[in-house]
Amino acid sequence: MSDLDTLSAALSQITADTARKLRTVIRVTGNEALSVMRSEEPVDTGALRASTRARFGADGTFVDVGPTVNYAGYVAYGTRRQRPNPFDLRTLERVGPSFVARCAAVTEGLL
């Protein structure tokens, strides 16, 4: 095995390991975002909070967190009769910095 083959094998292992760690960061942060979003959502009947889910991609490379009731957008962004209650933006503000820090910790020293 040449030095180039050894380097190539080492880089592919680092890439797989880094991808695994990043998928873990996405899973942890997605679950954290779910908890935070539920705590930020207003409660009237509880249907909005009960419908909030974290949907993870099959390969673990993304997560979609949010409510599934059809009126969620009206609550978050308001109407002409109702002031906005941007629970989704508050969730991003609370969870975003920890997500960036976790990604930086995983990728530190790679570049």
# chains A, B, ... in the order shown; residues from 1 in each chain; ligands from 1
$ residues_around --residues "segment 70-84 of chain A" --least-positions-apart "2" --cutoff "10 Å" --atoms "only C-alpha atoms" --output "list of chain:residue names"
A:Glu41, A:Pro42, A:Ala47, A:Leu48, A:Arg49, A:Ser51, A:Thr52, A:Gly66, A:Pro67, A:Thr68, A:Pro86, A:Phe87, A:Asp88, A:Leu89
$ atom_distance --atom1 "atom CA of Arg94 of chain A" --atom2 "atom CA of Phe56 of chain A"
19.8 Å
$ select_by_dssp --residues "chain A" --states "helix (DSSP H, G or I)" --output "ChimeraX atom specification"
/A:3-40,47-51,72-77,87-107
$ residues_around --residues "Lys21 of chain A" --least-positions-apart "6" --cutoff "12 Å" --atoms "only C-alpha atoms" --output "list in words"
Ile14, Thr15, Arg27, Val28, Gly60, Thr61, Arg102, Cys103, Ala104, Ala105, Val106 and Thr107 of chain A
$ atom_distance --atom1 "atom CA of Thr91 of chain A" --atom2 "atom CA of Asp44 of chain A"
19.1 Å
$ residues_around --residues "Arg55 of chain A" --least-positions-apart "2" --cutoff "10 Å" --atoms "only C-alpha atoms" --output "number ranges by chain"
A: 27, 30-31, 34, 52-53, 57-58, 60, 62-66
$ write_last_selection --atoms "C-alpha atoms" --output "PDB file, in the first residue's frame"
ATOM      1  CA  ARG A  27     -30.307  14.306  16.504  1.00  0.00           C
ATOM      2  CA  GLY A  30     -33.430  18.327  16.984  1.00  0.00           C
ATOM      3  CA  ASN A  31     -34.667  16.835  20.239  1.00  0.00           C
ATOM      4  CA  LEU A  34     -38.562  20.025  19.997  1.00  0.00           C
ATOM      5  CA  THR A  52     -45.433  19.529  17.387  1.00  0.00           C
ATOM      6  CA  ARG A  53     -43.050  16.854  16.136  1.00  0.00           C
ATOM      7  CA  GLY A  57     -34.346  12.468   7.669  1.00  0.00           C
ATOM      8  CA  ALA A  58     -33.844   8.793   6.856  1.00  0.00           C
ATOM      9  CA  GLY A  60     -29.976  11.496   9.736  1.00  0.00           C
ATOM     10  CA  PHE A  62     -31.608  16.868   8.698  1.00  0.00           C
ATOM     11  CA  VAL A  63     -34.446  17.441  11.118  1.00  0.00           C
ATOM     12  CA  ASP A  64     -37.714  19.316  10.661  1.00  0.00           C
ATOM     13  CA  VAL A  65     -39.272  20.527  13.916  1.00  0.00           C
ATOM     14  CA  GLY A  66     -42.704  22.101  14.037  1.00  0.00           C
TER      15      GLY A  66
END
$ atom_distance --atom1 "atom CA of Ala101 of chain A" --atom2 "atom CA of Ala19 of chain A"
16.0 Å
$ closest_residue --among "A:Val69, A:Ala54, A:Leu4, A:Ala33" --to "Arg90 of chain A" --atoms "only C-alpha atoms"
A:Ala33
$ closest_residue --among "A:Thr29, A:Ser2, A:Thr18, A:Ser8" --to "Val95 of chain A" --atoms "only C-alpha atoms"
A:Thr29
$ decode --residues "chain A" --atoms "C-alpha atoms" --output "mmCIF file, in the first residue's frame"
data_model
loop_
_atom_site.group_PDB
_atom_site.id
_atom_site.type_symbol
_atom_site.label_atom_id
_atom_site.label_comp_id
_atom_site.auth_asym_id
_atom_site.auth_seq_id
_atom_site.Cartn_x
_atom_site.Cartn_y
_atom_site.Cartn_z
ATOM 1 C CA MET A 1 0.000 0.000 0.000
ATOM 2 C CA SER A 2 1.433 3.355 -1.023
ATOM 3 C CA ASP A 3 1.518 6.449 1.165
ATOM 4 C CA LEU A 4 -1.172 8.001 -1.026
ATOM 5 C CA ASP A 5 -3.437 4.968 -0.506
ATOM 6 C CA THR A 6 -2.830 5.156 3.240
ATOM 7 C CA LEU A 7 -3.684 8.867 3.277
ATOM 8 C CA SER A 8 -6.807 8.273 1.186
ATOM 9 C CA ALA A 9 -7.968 5.513 3.539
ATOM 10 C CA ALA A 10 -7.334 7.721 6.581
ATOM 11 C CA LEU A 11 -9.259 10.644 5.059
ATOM 12 C CA SER A 12 -12.236 8.456 4.183
ATOM 13 C CA GLN A 13 -12.322 7.187 7.779
ATOM 14 C CA ILE A 14 -12.190 10.733 9.159
ATOM 15 C CA THR A 15 -14.997 11.761 6.838
ATOM 16 C CA ALA A 16 -17.192 8.844 7.914
ATOM 17 C CA ASP A 17 -16.444 9.526 11.577
ATOM 18 C CA THR A 18 -17.148 13.241 11.180
ATOM 19 C CA ALA A 19 -20.423 12.515 9.364
ATOM 20 C CA ARG A 20 -21.477 10.176 12.177
ATOM 21 C CA LYS A 21 -20.694 12.841 14.776
ATOM 22 C CA LEU A 22 -22.599 15.483 12.816
ATOM 23 C CA ARG A 23 -25.630 13.188 12.563
ATOM 24 C CA THR A 24 -25.462 12.849 16.353
ATOM 25 C CA VAL A 25 -25.341 16.651 16.680
ATOM 26 C CA ILE A 26 -28.432 16.911 14.449
ATOM 27 C CA ARG A 27 -30.307 14.306 16.504
ATOM 28 C CA VAL A 28 -29.421 15.924 19.851
ATOM 29 C CA THR A 29 -30.178 19.440 18.636
ATOM 30 C CA GLY A 30 -33.430 18.327 16.984
ATOM 31 C CA ASN A 31 -34.667 16.835 20.239
ATOM 32 C CA GLU A 32 -33.589 19.966 22.105
ATOM 33 C CA ALA A 33 -35.436 22.146 19.575
ATOM 34 C CA LEU A 34 -38.562 20.025 19.997
ATOM 35 C CA SER A 35 -38.529 20.564 23.741
ATOM 36 C CA VAL A 36 -37.834 24.287 23.444
ATOM 37 C CA MET A 37 -40.508 24.815 20.768
ATOM 38 C CA ARG A 38 -43.124 23.079 22.865
ATOM 39 C CA SER A 39 -42.240 25.314 25.804
ATOM 40 C CA GLU A 40 -42.430 28.453 23.604
ATOM 41 C CA GLU A 41 -45.784 27.663 21.989
ATOM 42 C CA PRO A 42 -48.867 29.369 23.391
ATOM 43 C CA VAL A 43 -51.467 27.060 24.876
ATOM 44 C CA ASP A 44 -55.185 27.500 24.434
ATOM 45 C CA THR A 45 -56.550 24.006 23.797
ATOM 46 C CA GLY A 46 -53.153 22.269 23.698
ATOM 47 C CA ALA A 47 -53.609 21.043 20.116
ATOM 48 C CA LEU A 48 -50.734 23.161 18.759
ATOM 49 C CA ARG A 49 -48.278 21.852 21.329
ATOM 50 C CA ALA A 50 -49.533 18.268 20.992
ATOM 51 C CA SER A 51 -49.052 18.375 17.217
ATOM 52 C CA THR A 52 -45.433 19.529 17.387
ATOM 53 C CA ARG A 53 -43.050 16.854 16.136
ATOM 54 C CA ALA A 54 -39.417 16.364 15.194
ATOM 55 C CA ARG A 55 -39.120 14.567 11.857
ATOM 56 C CA PHE A 56 -35.631 13.251 11.142
ATOM 57 C CA GLY A 57 -34.346 12.468 7.669
ATOM 58 C CA ALA A 58 -33.844 8.793 6.856
ATOM 59 C CA ASP A 59 -30.091 9.317 6.610
ATOM 60 C CA GLY A 60 -29.976 11.496 9.736
ATOM 61 C CA THR A 61 -28.679 14.573 7.922
ATOM 62 C CA PHE A 62 -31.608 16.868 8.698
ATOM 63 C CA VAL A 63 -34.446 17.441 11.118
ATOM 64 C CA ASP A 64 -37.714 19.316 10.661
ATOM 65 C CA VAL A 65 -39.272 20.527 13.916
ATOM 66 C CA GLY A 66 -42.704 22.101 14.037
ATOM 67 C CA PRO A 67 -46.417 21.732 14.583
ATOM 68 C CA THR A 68 -48.667 19.954 12.107
ATOM 69 C CA VAL A 69 -51.991 21.684 12.824
ATOM 70 C CA ASN A 70 -53.189 23.772 9.900
ATOM 71 C CA TYR A 71 -53.422 27.023 11.880
ATOM 72 C CA ALA A 72 -49.827 27.049 13.211
ATOM 73 C CA GLY A 73 -48.741 29.695 10.716
ATOM 74 C CA TYR A 74 -51.513 32.028 11.828
ATOM 75 C CA VAL A 75 -50.363 31.723 15.430
ATOM 76 C CA ALA A 76 -46.698 32.244 14.589
ATOM 77 C CA TYR A 77 -47.045 35.040 12.033
ATOM 78 C CA GLY A 78 -50.360 36.582 13.054
ATOM 79 C CA THR A 79 -53.365 37.799 11.139
ATOM 80 C CA ARG A 80 -54.936 41.207 10.857
ATOM 81 C CA ARG A 81 -56.896 40.390 14.026
ATOM 82 C CA GLN A 82 -54.207 38.515 15.946
ATOM 83 C CA ARG A 83 -50.707 39.642 16.818
ATOM 84 C CA PRO A 84 -47.875 37.304 15.806
ATOM 85 C CA ASN A 85 -46.428 34.944 18.382
ATOM 86 C CA PRO A 86 -43.184 33.809 16.705
ATOM 87 C CA PHE A 87 -42.504 30.697 18.781
ATOM 88 C CA ASP A 88 -40.474 29.271 15.889
ATOM 89 C CA LEU A 89 -38.076 32.238 15.843
ATOM 90 C CA ARG A 90 -37.668 32.134 19.614
ATOM 91 C CA THR A 91 -36.789 28.447 19.302
ATOM 92 C CA LEU A 92 -34.111 29.225 16.706
ATOM 93 C CA GLU A 93 -32.681 31.975 18.894
ATOM 94 C CA ARG A 94 -32.385 29.609 21.842
ATOM 95 C CA VAL A 95 -31.145 26.492 20.038
ATOM 96 C CA GLY A 96 -29.118 28.013 17.187
ATOM 97 C CA PRO A 97 -25.997 29.008 19.151
ATOM 98 C CA SER A 98 -25.648 25.555 20.737
ATOM 99 C CA PHE A 99 -26.041 23.913 17.306
ATOM 100 C CA VAL A 100 -23.283 26.088 15.850
ATOM 101 C CA ALA A 101 -21.025 25.368 18.843
ATOM 102 C CA ARG A 102 -21.595 21.611 18.567
ATOM 103 C CA CYS A 103 -20.842 21.624 14.830
ATOM 104 C CA ALA A 104 -17.700 23.677 15.432
ATOM 105 C CA ALA A 105 -16.540 21.218 18.092
ATOM 106 C CA VAL A 106 -16.978 18.296 15.674
ATOM 107 C CA THR A 107 -15.261 19.972 12.733
ATOM 108 C CA GLU A 108 -12.500 21.727 14.674
ATOM 109 C CA GLY A 109 -9.123 21.012 13.152
ATOM 110 C CA LEU A 110 -10.465 19.514 9.920
ATOM 111 C CA LEU A 111 -9.637 22.507 7.745
#
